[in-house]
Each structure stands twice: as C-alpha cells, then as structure tokens.
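Single-structure report; data block below.
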Amino acid sequence: MRLAALSGWRRLAAAAALGGLATLALPPVDALPVLLVAFPGLIWLLEGARSGRSAFAIGWFFGFGHHLLGLYWISAALFTDIGRFWWALPLSAVGLPILLAMFSGAATLTFHALRGRGAGGGLARPLLFAACWCLWEWLRGHVLTGFPWNLIGYGWVGVLPVLQTAALIGIYGLTLVTVLVASLPAALPDPASTPRRAWAGFAAGLALLAALGGWGTWRLAGAVDEPVPGVRLRLVQAAIDQRLKWAPAERVQHFQSHLALSAAPPVDPSAPPPNVIIWPETAVPFFVEDDARVRQALASVIPSGGLLITGAPRTDLDTSGERHYYNSLIAVDGSGAVVGSFDKFHLVPFGEYMPLRRWVPVDAIATNGAEFSPGPGPRTLHLGTDLPPLSPLICYEGIFPGAVIDGTDRPQWLLNLTNDAWYGHTAGPHQHFAINQVRAVEEGLPLVRVANTGISGVVDAYGRVQQLLGLGERGFIDTTLPKAPQGATPYARIRDWMFGILLIACFFGSLVSRYHR
C-alpha cells in the first residue's frame with residue numbers, strides 16, 4: 001500500500017485530492033465509481049497514521065478538499081454585492097470547508113481510535129470506517145442547525161432504482177450503504193484478510209447494491225402515474241438577475257414580468273388553462289398583506305376559482321410592539337384576499353440572520369439590513385377543496401431529511417420556493433434540485449419546485465422528474481400535479497431510526513471481529 005507509506009505534506013495533499021475526487025460522485029457530475037478510489041485511498045492513508053493527531057489531519061484534509069470543491073459556488077452569492085461583502089469571501093470560500101472538515105477529521109480520528117483497540121480487521125475495516133464516517137455525517141446534519149449538504153448518497157439521483165432505497169432508510173442510510181460498498185476494496189491488500197475473502201466481500205457489496213436496485217425497479221414498476229383531478233399548475237420562472245432583484249427602480253418591472261408570464265396563454269392551445277399559479281421565493285418585493293394594490297394586481301391574473309402562491313416578505317408586530325420580518329409564502333385568491341401564509345422556519349445563518357448578533361455588528365447577506373425571524377414549522381397548508389394540502393419549503397429548508405413535513409397533519413405534496421439566482425450558473429442549483437428530488441422519494445410525496453432562475457420542475461413521489469425548466473431559462477411550465485401514493489413510506493414513519501439500527505449493527509460487527517481472528 002503505497003498510500004500508507006506517504007508522510008508529511010504528501011500524505012495530506014493526497015488526502016485533499018481524494019476528498020476532491022469524491023465530490024465528483026455527486027451532482028452535477030454523478031461519477032459514482034470514483035468512490036471506489038476515494039474511500040479505499042483514504043483508508044489506506046489512515047493505515048500510515050501513527051497517532052490520533054495524524055489520523056485527524058488526514059480526515060480533515062480529505063474533508064477540506066471535498067467541501068472546497070463541492071461548495072465553491074456559495075461564494076458566488078457575495079459577488080452580487082462584492083463591494084459590501086468582499087470581507088466574507090475568504091470565510092465562505094475557505095472558512096466553511098475548514099469548519100465542515102472538522103467532522104470528517106473527527107470521523108477518521110474515531111476510526112483510528114477504535115482500530116487501535118483491535119476493532120476493524122480485514123473485511124470489518126470498511127465496516128468500521130463506514131460507521132464512523134456516517135455517524136459524523138449525521139452529526140454534521142444536526143449540530144448548530146446542521147448543514148447536510150452533499151451527503152454521499154445523493155450521488156444516486158441519476159440511478160432511480162437504487163435511489164428508491166431512500167424510501168426505506170433515508171439519505172443517511174443510503175449514504176451508509178454507499179460508503180460501505182465503496183470502502184470494501186480497502187480490504188484487498190489487508191494481511192488480516194485473504195484475497196479470496198476480500199474479493200468475496202466486495203462481490204457481496206455489489207450484490208447488495210444489485211438487490212437494492214432490483215427492489216427499486218419493482219417499486220418503480222408499480223408507481224402511480226395519476227394526476228390530481230381538477231388541478232392545473234403554472235410554475236413561473238422569470239429569471240431575474242440577483243444584482244437587480246432588489247434595486248428600487250427595478251422592483252415594479254420585476255413584478256410586472258411575473259404578472260405577464262402568469263397571464264400568457266398556454267403554449268399548447270388545446271391544454272386546459274392553469275388554475276394555480278406559483279411564483280418563486282420573494283418574487284413579490286412588497287408586503288402583500290399590507291398593500292391592497294399589489295393584491296389586486298395579483299388577482300388580475302388569477303383564473304376564476306383559482307389561486308396564486310408566491311414568495312414574499314411579510315412583517316408584523318409582536319405583543320411588545322417590536323417589528324419582525326419573515327421570508328414567507330403567501331397564497332391569494334381571485335378576489336385579492338390572502339387565504340394562507342407560511343413563514344420560513346429554518347433560516348440560513350449569515351444569509352438571513354446573523355448568529356451571535358450581539359457580538360457581531362454585521363448585517364446578514366440577504367436581508368438588506370433587516371434580519372428575518374423564524375416562523376413555526378414544518379406546517380401543512382390547506383388552501384382549497386381541489387388543491388391537496390401541501391407542505392411549504394422555502395429555499396434550503398428542503399435539505400433537511402425528516403424535517404420537511406408535519407407528521408401529525410400529513411400533506412399530499414411538497415412545494416419548494418427558492419431563489420438560486422445568488423449562485424449563477426454553478427453546481428449549486430443542480431445540487432439543490434437533486435437534494436429536493438431525494439426528499440420526494442423519502443417522504444413518498446410529489447414535489448413541485450419553483451426557482452427564480454431555475455431549476456424549476458415537478459418530481460413525482462418516486463423521484464422521477466416529470467417537468468423541468470433549466471437553469472437561466474425564462475418562461476413557465478404548465479403541468480398537472482402528480483397524485484401522492486396511498487400511505488407513508490417506511491422512512492416517513494420511522495425517520496432515521498432504521499439508519500441508527502444499521503449504524504449500530506456496523507459498529508457491532510466491526511467490534512465483534514476482534515474476537516474472531
């Protein structure tokens with residue numbers, strides 16, 4: 001194992017390169033086979049670690065390379081007003097990967113510590129590694145509000161049969177299976193395992209993926225392809241440049257652009273007209289509830305008996321008289337009345353609010369000086385007899401597994417309003433769409449996504465993309481709403497408990513191996 005023999009900066013550089021390589025398994029590249037190099041390579045590097053500090057450093061550099069390449073696009077948001085936020089560029093480009101890499105460093109440190117106690121020999125080594133890695137990935141998704149972006153399991157969005165596994169064990173469980181199988185080649189040169197046994201283990205891993213793919217194929221064969229009767233949606237994507245979006249002289253024009261797209265005749269004259277129009281996050285740059293003229297303008301494009309659902313800011317006063325602002329969804333009917341609203345509950349740190357505001361006198365990036373407050377959530381909105389109840393998700397609220405619906409009032413579809421114009425033509429919007437695609441599979445619910453500059457689309461409850469309006473395109477989609485299958489998925493019922501059971505089983509299996517050599 002030449003990688004185990006590396007030392008010094010060569011070892012750390014190799015770890016960072018392997019971490020960057022693992023990023024290519026994720027959208028939009030979707031090159032999953034690179035994981036068969038990245039994770040065994042990381043395990044072999046760890047074989048050369050002689051201390052916990054060295055093991056942590058190897059994992060940290062792997063994570064740094066992984067997140068540096070996978071999250072480069074976050075810095076693009078700062079260039080919408082680089083004159084104000086130039087100081088934050090190194091923090092977003094390098095600071096965030098530095099912090100997130102702590103979790104991968106902790107994972108390899110845990111792996112090294114348990115290996116030092118005799119666990120994880122032979123085929124149990126990849127089992128132990130996968131358990132350590134995914135434990136800390138789960139923690140990355142929960143600690144300090146969490147940031148579960150680019151979990152390895154998202155690499156399966158292009159392989160729908162295997163992706164159906166998320167309906168059973170969620171994205172964390174699928175990540176565990178993926179990391180385990182990808183790590184199995186690490187046992188091939190292990191003196192604690194014969195080559196025949198190592199190859200048999202790898203073959204068993206591939207057979208597991210094949211079995212999951214076979215089950216997924218069977219599930220897809222029985223998929224429901226029925227639309228909700230009486231519901232016709234229009235998804236409006238106005239493609240407004242983020243640098244102009246909030247310019248005072250441009251706001252009315254942007255509003256009118258959305259109105260014009262909403263009033264346009266269907267592309268197919270024979271198709272029924274839409275009765276529910278949906279705009280993206282903060283598409284209306286005014287306080288809808290407080291402005292009758294805005295509500296009447298919205299009503300002018302709403303079909304009889306229909307609705308318009310849009311993202312917009314909202315404000316109110318609390319009992320003490322303090323004013324609060326919310327990043328909201330507003331539903332308006334044909335009379336101009338507000339019939340429903342939802343306030344974003346999972347706000348973006350540093351984007352929509354500034355953590356430690358008392359000690360950091362700096363404005364959040366996306367708030368124009370007034371920070372947003374969180375609303376209660378998740379929530380189910382009931383907006384009409386024909387339109388099934390929905391669970392609203394604004395922007396990155398859709399990235400959190402198991403936290404996108406109110407389980408006590410199960411919705412019939414997910415609605416994600418977002419504004420990915422901040423990130424331009426980068427990998428970010430592609431990753432964001434894929435993450436939402438997996439939420440649909442986990443919950444067994446169709447998902448409608450409306451984005452300012454894309455990617456907008458409709459995904460059914462099995463993760464199949466039914467409609468798509470690409471990144472940077474201006475226009476609209478007229479579409480039906482897929483009907484949700486009967487009953488909740490196993491994941492929707494038990495959430496991450498099955499992942500927890502699998503995780504414990506992996507730890508137990510690797511630890512038991514020390515007594516059977």
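Letters A, B, ... go to the chains of the structure tokens in the order shown; residues in each chain start at 1; ligands are counted from 1 in the same order.
Of all the residues in region 144-302 of chain A, the ones DSSP labels as strand (DSSP E) from the backbone are Pro227, Val228, Pro229, Gly230, Val231, Arg232, Leu233, Arg234, Leu235, Val236, Gln237, Val276, Ile277 and Ile278 of chain A.
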### Message
Going by DSSP on the backbone, which residues of region 185-346 of chain A come out as helix (DSSP H, G or I)? List them as number ranges by chain.
### Response
A: 185-187, 195-221, 242-245, 251-263, 288-290, 292-299
### Selected residue of minimal separation from Arg53 (chain A) among A:Ala76, A:Ala113, A:Ala434, A:Leu208, counting only C-alpha atoms
A:Ala113
### Task
Rank A:Ala421, A:Gly475, A:Leu127, A:Ala38 by their smallest atom-to-atom distance to Pro265 (chain A), using only C-alpha atoms, and report the top residue only.
A:Gly475
### Message
So that I can check the surroundings of region 477-487 of chain A, please list as a ChimeraX atom specification every protein, DNA and RNA residue that reaches within 9 Å of it, counting only C-alpha atoms and ignoring chain neighbours fewer than 3 positions away.
### Response
/A:223-237,266-267,271,273-274,412-413,444-448,456-461,466-469
### Task
Just the residues within 7 Å of Ala101 (chain A), please, counting only C-alpha atoms, with nothing from its chain fewer than 5 positions along; format it as a list in words.
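Listing them by chain and then by number gives Trp60, Gly63 and Phe64 of chain A.
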